[in-house]
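Undergrad: Data file input30.cif (mmCIF, N, CA and C atoms and all ligand atoms) is appended below.
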```cif
data_query
loop_
_atom_site.label_atom_id
_atom_site.label_comp_id
_atom_site.auth_asym_id
_atom_site.auth_seq_id
_atom_site.Cartn_x
_atom_site.Cartn_y
_atom_site.Cartn_z
N MET A 207 91.36 115.43 144.59
CA MET A 207 92.22 115.27 143.41
C MET A 207 91.52 115.84 142.18
N LYS A 208 92.16 116.81 141.55
CA LYS A 208 91.60 117.43 140.35
C LYS A 208 92.38 116.97 139.13
N LYS A 209 91.67 116.56 138.10
CA LYS A 209 92.34 116.16 136.87
C LYS A 209 92.12 117.24 135.82
N GLN A 210 93.21 117.88 135.44
CA GLN A 210 93.11 118.93 134.42
C GLN A 210 93.64 118.43 133.10
N ILE A 211 92.93 118.75 132.02
CA ILE A 211 93.38 118.41 130.68
C ILE A 211 93.30 119.66 129.80
N SER A 212 93.93 119.60 128.65
CA SER A 212 93.84 120.70 127.69
C SER A 212 92.78 120.36 126.65
N CYS A 213 91.92 121.30 126.35
CA CYS A 213 90.89 121.12 125.33
C CYS A 213 91.56 120.81 123.99
N PRO A 214 91.16 119.72 123.29
CA PRO A 214 91.80 119.37 122.01
C PRO A 214 91.58 120.42 120.93
N LYS A 215 90.59 121.28 121.09
CA LYS A 215 90.29 122.28 120.06
C LYS A 215 91.03 123.58 120.30
N CYS A 216 90.89 124.17 121.50
CA CYS A 216 91.47 125.49 121.73
C CYS A 216 92.65 125.44 122.69
N GLY A 217 92.90 124.29 123.32
CA GLY A 217 94.05 124.17 124.22
C GLY A 217 93.81 124.73 125.60
N LYS A 218 92.61 125.21 125.87
CA LYS A 218 92.28 125.77 127.17
C LYS A 218 92.22 124.67 128.22
N LYS A 219 92.72 124.98 129.41
CA LYS A 219 92.70 124.00 130.50
C LYS A 219 91.26 123.79 130.97
N THR A 220 90.87 122.52 131.08
CA THR A 220 89.52 122.22 131.54
C THR A 220 89.58 121.00 132.44
N HIS A 221 88.52 120.78 133.21
CA HIS A 221 88.49 119.67 134.16
C HIS A 221 87.86 118.44 133.52
N PHE A 222 88.56 117.31 133.62
CA PHE A 222 88.04 116.06 133.08
C PHE A 222 87.28 115.36 134.20
N THR A 223 86.03 115.79 134.40
CA THR A 223 85.20 115.23 135.46
C THR A 223 83.80 114.97 134.92
N PRO A 224 83.02 114.11 135.58
CA PRO A 224 81.64 113.88 135.13
C PRO A 224 80.80 115.15 135.13
N LYS A 225 81.26 116.19 135.85
CA LYS A 225 80.52 117.46 135.88
C LYS A 225 80.64 118.20 134.56
N ASN A 226 81.65 117.86 133.76
CA ASN A 226 81.85 118.53 132.48
C ASN A 226 81.28 117.65 131.37
N PRO A 227 80.06 117.94 130.88
CA PRO A 227 79.43 117.08 129.86
C PRO A 227 80.12 117.17 128.51
N TYR A 228 81.00 118.15 128.32
CA TYR A 228 81.65 118.35 127.02
C TYR A 228 83.07 117.80 126.99
N ARG A 229 83.49 117.12 128.06
CA ARG A 229 84.84 116.58 128.10
C ARG A 229 85.07 115.64 126.91
N PRO A 230 86.22 115.58 126.28
CA PRO A 230 87.45 116.27 126.74
C PRO A 230 87.53 117.73 126.29
N PHE A 231 86.43 118.30 125.80
CA PHE A 231 86.45 119.69 125.36
C PHE A 231 86.09 120.60 126.53
N CYS A 232 86.42 121.89 126.38
CA CYS A 232 86.19 122.83 127.48
C CYS A 232 84.76 123.33 127.47
N SER A 233 84.11 123.29 126.31
CA SER A 233 82.77 123.87 126.22
C SER A 233 81.99 123.21 125.09
N GLU A 234 80.69 123.49 125.06
CA GLU A 234 79.86 122.95 123.99
C GLU A 234 80.33 123.43 122.62
N ARG A 235 80.81 124.68 122.56
CA ARG A 235 81.25 125.25 121.29
C ARG A 235 82.40 124.45 120.69
N CYS A 236 83.39 124.13 121.50
CA CYS A 236 84.55 123.38 121.00
C CYS A 236 84.12 121.97 120.57
N GLN A 237 83.18 121.37 121.29
CA GLN A 237 82.70 120.04 120.94
C GLN A 237 82.00 120.07 119.58
N LEU A 238 81.20 121.09 119.33
CA LEU A 238 80.47 121.21 118.05
C LEU A 238 81.43 121.49 116.89
N ILE A 239 82.46 122.28 117.13
CA ILE A 239 83.45 122.56 116.08
C ILE A 239 84.12 121.26 115.66
N ASP A 240 84.45 120.42 116.64
CA ASP A 240 85.12 119.16 116.33
C ASP A 240 84.21 118.23 115.55
N LEU A 241 82.93 118.16 115.90
CA LEU A 241 81.97 117.34 115.16
C LEU A 241 81.81 117.86 113.74
N GLY A 242 81.79 119.17 113.56
CA GLY A 242 81.65 119.79 112.23
C GLY A 242 82.83 119.44 111.35
N ALA A 243 84.03 119.45 111.87
CA ALA A 243 85.23 119.12 111.10
C ALA A 243 85.18 117.66 110.67
N TRP A 244 84.64 116.80 111.50
CA TRP A 244 84.55 115.38 111.20
C TRP A 244 83.59 115.15 110.03
N VAL A 245 82.45 115.86 110.02
CA VAL A 245 81.47 115.74 108.94
C VAL A 245 82.06 116.25 107.63
N GLU A 246 82.83 117.32 107.65
CA GLU A 246 83.44 117.88 106.44
C GLU A 246 84.36 116.87 105.76
N GLU A 247 85.08 116.09 106.54
CA GLU A 247 85.98 115.09 105.97
C GLU A 247 85.20 114.02 105.22
N GLU A 248 84.00 113.68 105.72
CA GLU A 248 83.15 112.69 105.05
C GLU A 248 82.76 113.16 103.65
N TYR A 249 82.46 114.44 103.52
CA TYR A 249 82.01 114.99 102.24
C TYR A 249 83.14 115.10 101.22
N ARG A 250 84.37 114.98 101.64
CA ARG A 250 85.50 115.13 100.73
C ARG A 250 85.69 113.89 99.85
N ILE A 251 85.14 112.74 100.23
CA ILE A 251 85.38 111.48 99.52
C ILE A 251 84.87 111.50 98.06
N PRO A 252 83.63 111.99 97.75
CA PRO A 252 83.15 111.99 96.34
C PRO A 252 84.03 112.82 95.41
N THR A 253 84.73 113.82 95.91
CA THR A 253 85.60 114.65 95.08
C THR A 253 86.74 113.82 94.50
N GLU A 254 87.24 112.86 95.25
CA GLU A 254 88.33 112.02 94.76
C GLU A 254 87.86 111.12 93.61
N ASN A 255 86.60 110.65 93.68
CA ASN A 255 86.07 109.78 92.63
C ASN A 255 85.95 110.50 91.29
N SER A 256 85.50 111.78 91.28
CA SER A 256 85.33 112.51 90.03
C SER A 256 86.68 112.80 89.39
N ALA A 257 87.75 112.87 90.17
CA ALA A 257 89.09 113.08 89.62
C ALA A 257 89.55 111.84 88.86
N ASN A 258 89.16 110.66 89.33
CA ASN A 258 89.53 109.42 88.64
C ASN A 258 88.79 109.27 87.31
N LEU A 259 87.54 109.76 87.23
CA LEU A 259 86.75 109.66 86.01
C LEU A 259 87.39 110.42 84.85
N ASP A 260 88.13 111.49 85.16
CA ASP A 260 88.76 112.28 84.10
C ASP A 260 89.78 111.47 83.31
N GLU A 261 90.35 110.45 83.92
CA GLU A 261 91.40 109.69 83.24
C GLU A 261 90.84 108.65 82.26
N ILE A 262 89.60 108.23 82.45
CA ILE A 262 89.03 107.14 81.64
C ILE A 262 88.87 107.49 80.15
N PRO A 263 88.32 108.65 79.75
CA PRO A 263 88.14 108.94 78.31
C PRO A 263 89.45 108.90 77.53
N THR A 264 90.55 109.27 78.10
CA THR A 264 91.84 109.27 77.42
C THR A 264 92.24 107.83 77.04
N ASN A 265 92.00 106.88 77.96
CA ASN A 265 92.36 105.49 77.67
C ASN A 265 91.48 104.90 76.58
N GLU A 266 90.17 105.22 76.59
CA GLU A 266 89.25 104.67 75.60
C GLU A 266 89.59 105.17 74.19
N GLU A 267 90.01 106.41 74.09
CA GLU A 267 90.32 107.00 72.79
C GLU A 267 91.47 106.24 72.10
N SER A 268 92.54 106.01 72.83
CA SER A 268 93.70 105.34 72.23
C SER A 268 93.37 103.88 71.92
N ASP A 269 92.45 103.27 72.70
CA ASP A 269 92.05 101.89 72.45
C ASP A 269 91.27 101.79 71.14
N GLU A 270 90.37 102.76 70.88
CA GLU A 270 89.57 102.77 69.66
C GLU A 270 90.47 102.93 68.42
N ASP A 271 91.49 103.75 68.54
CA ASP A 271 92.40 103.98 67.42
C ASP A 271 93.08 102.68 67.00
N LEU A 272 93.47 101.86 67.97
CA LEU A 272 94.14 100.60 67.67
C LEU A 272 93.22 99.65 66.92
N HIS A 273 91.95 99.58 67.34
CA HIS A 273 91.00 98.67 66.72
C HIS A 273 90.70 99.06 65.27
N SER A 274 90.52 100.35 64.98
CA SER A 274 90.15 100.77 63.64
C SER A 274 91.30 100.54 62.65
N SER A 275 92.52 100.77 63.05
CA SER A 275 93.66 100.54 62.15
C SER A 275 93.87 99.04 61.94
N GLU A 276 93.53 98.22 62.92
CA GLU A 276 93.69 96.78 62.82
C GLU A 276 92.72 96.19 61.78
N SER A 277 91.44 96.62 61.83
CA SER A 277 90.44 96.08 60.91
C SER A 277 90.71 96.56 59.47
N THR A 278 91.27 97.72 59.31
CA THR A 278 91.60 98.22 57.98
C THR A 278 92.70 97.34 57.36
N PHE A 279 93.62 96.90 58.16
CA PHE A 279 94.73 96.08 57.67
C PHE A 279 94.26 94.68 57.24
N LEU A 280 93.26 94.12 58.04
CA LEU A 280 92.80 92.77 57.75
C LEU A 280 91.95 92.69 56.48
N HIS A 281 91.19 93.75 56.22
CA HIS A 281 90.27 93.66 55.08
C HIS A 281 90.95 93.99 53.76
ZN ZN B 1 88.01 124.58 123.94
#
```
As structure tokens, how would this structure be written, given the file I've shared?
Ligand SMILES: [Zn+2]
TA:
Amino acid sequence: MKKQISCPKCGKKTHFTPKNPYRPFCSERCQLIDLGAWVEEEYRIPTENSANLDEIPTNEESDEDLHSSESTFLH
């Protein structure tokens, strides 16, 4: 009984057996490409944080304006 599967990377038919150390991939190359793509996704997370920082200075500016006009009115 032979169990054939398609490589998740290139779609090539390969055997899902203990003889294939790269299963479910067809070759070492496809296995390494998949690991590389996984690492790239990890590095994308800090980029989202710097986008959020851009919004903070705008909020602080309008907050300061409210405080300065308030103290001028009280004195
Ligand atoms: Zn492959």
Undergrad: Using only C-alpha atoms and all ligand atoms, find each residue with an atom at most 8 Å away from ligand ZN 1 (chain B) and format the answer as JSON, numbers by chain.
TA: {"A": [212, 213, 214, 215, 216, 217, 218, 231, 232, 233, 235, 236, 237]}
Undergrad: Can those selected residues be exported to a file as a short mmCIF file (atom, residue, chain, number, x, y, z; two decimals), in the coordinates of the input so that it contains N, CA and C atoms?
TA:
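Below you can see result_3.cif, which holds the result:
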```
data_model
loop_
_atom_site.label_atom_id
_atom_site.label_comp_id
_atom_site.auth_asym_id
_atom_site.auth_seq_id
_atom_site.Cartn_x
_atom_site.Cartn_y
_atom_site.Cartn_z
N SER A 212 93.93 119.60 128.65
CA SER A 212 93.84 120.70 127.69
C SER A 212 92.78 120.36 126.65
N CYS A 213 91.92 121.30 126.35
CA CYS A 213 90.89 121.12 125.33
C CYS A 213 91.56 120.81 123.99
N PRO A 214 91.16 119.72 123.29
CA PRO A 214 91.80 119.37 122.01
C PRO A 214 91.58 120.42 120.93
N LYS A 215 90.59 121.28 121.09
CA LYS A 215 90.29 122.28 120.06
C LYS A 215 91.03 123.58 120.30
N CYS A 216 90.89 124.17 121.50
CA CYS A 216 91.47 125.49 121.73
C CYS A 216 92.65 125.44 122.69
N GLY A 217 92.90 124.29 123.32
CA GLY A 217 94.05 124.17 124.22
C GLY A 217 93.81 124.73 125.60
N LYS A 218 92.61 125.21 125.87
CA LYS A 218 92.28 125.77 127.17
C LYS A 218 92.22 124.67 128.22
N PHE A 231 86.43 118.30 125.80
CA PHE A 231 86.45 119.69 125.36
C PHE A 231 86.09 120.60 126.53
N CYS A 232 86.42 121.89 126.38
CA CYS A 232 86.19 122.83 127.48
C CYS A 232 84.76 123.33 127.47
N SER A 233 84.11 123.29 126.31
CA SER A 233 82.77 123.87 126.22
C SER A 233 81.99 123.21 125.09
N ARG A 235 80.81 124.68 122.56
CA ARG A 235 81.25 125.25 121.29
C ARG A 235 82.40 124.45 120.69
N CYS A 236 83.39 124.13 121.50
CA CYS A 236 84.55 123.38 121.00
C CYS A 236 84.12 121.97 120.57
N GLN A 237 83.18 121.37 121.29
CA GLN A 237 82.70 120.04 120.94
C GLN A 237 82.00 120.07 119.58
#
```
Undergrad: Quick one: distance from atom C of Arg229 in chain A to CA of Glu246 in chain A in Å, one decimal?
TA: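 Pair atom C of Arg229 in chain A / CA of Glu246 in chain A returns 20.7 Å.
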Undergrad: Considering all atoms listed in the file, state which residue in the set A:Glu234, A:Glu248, A:Lys209, A:Ala243 is at the smallest distance from Phe222 in chain A.
TA: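 Among A:Glu234, A:Glu248, A:Lys209, A:Ala243, it is A:Lys209 that comes nearest to Phe222 in chain A.
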Undergrad: Between CA of Asn226 in chain A and CA of Gln210 in chain A, measure the distance and give it in Å to one decimal.
TA: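 That distance, rounded to one decimal, is 11.4 Å.
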Undergrad: Would you compute the distance between CA of Leu238 in chain A and atom C of Pro224 in chain A? Give it in Å to one decimal.
TA: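 These two atoms are separated by 18.1 Å.
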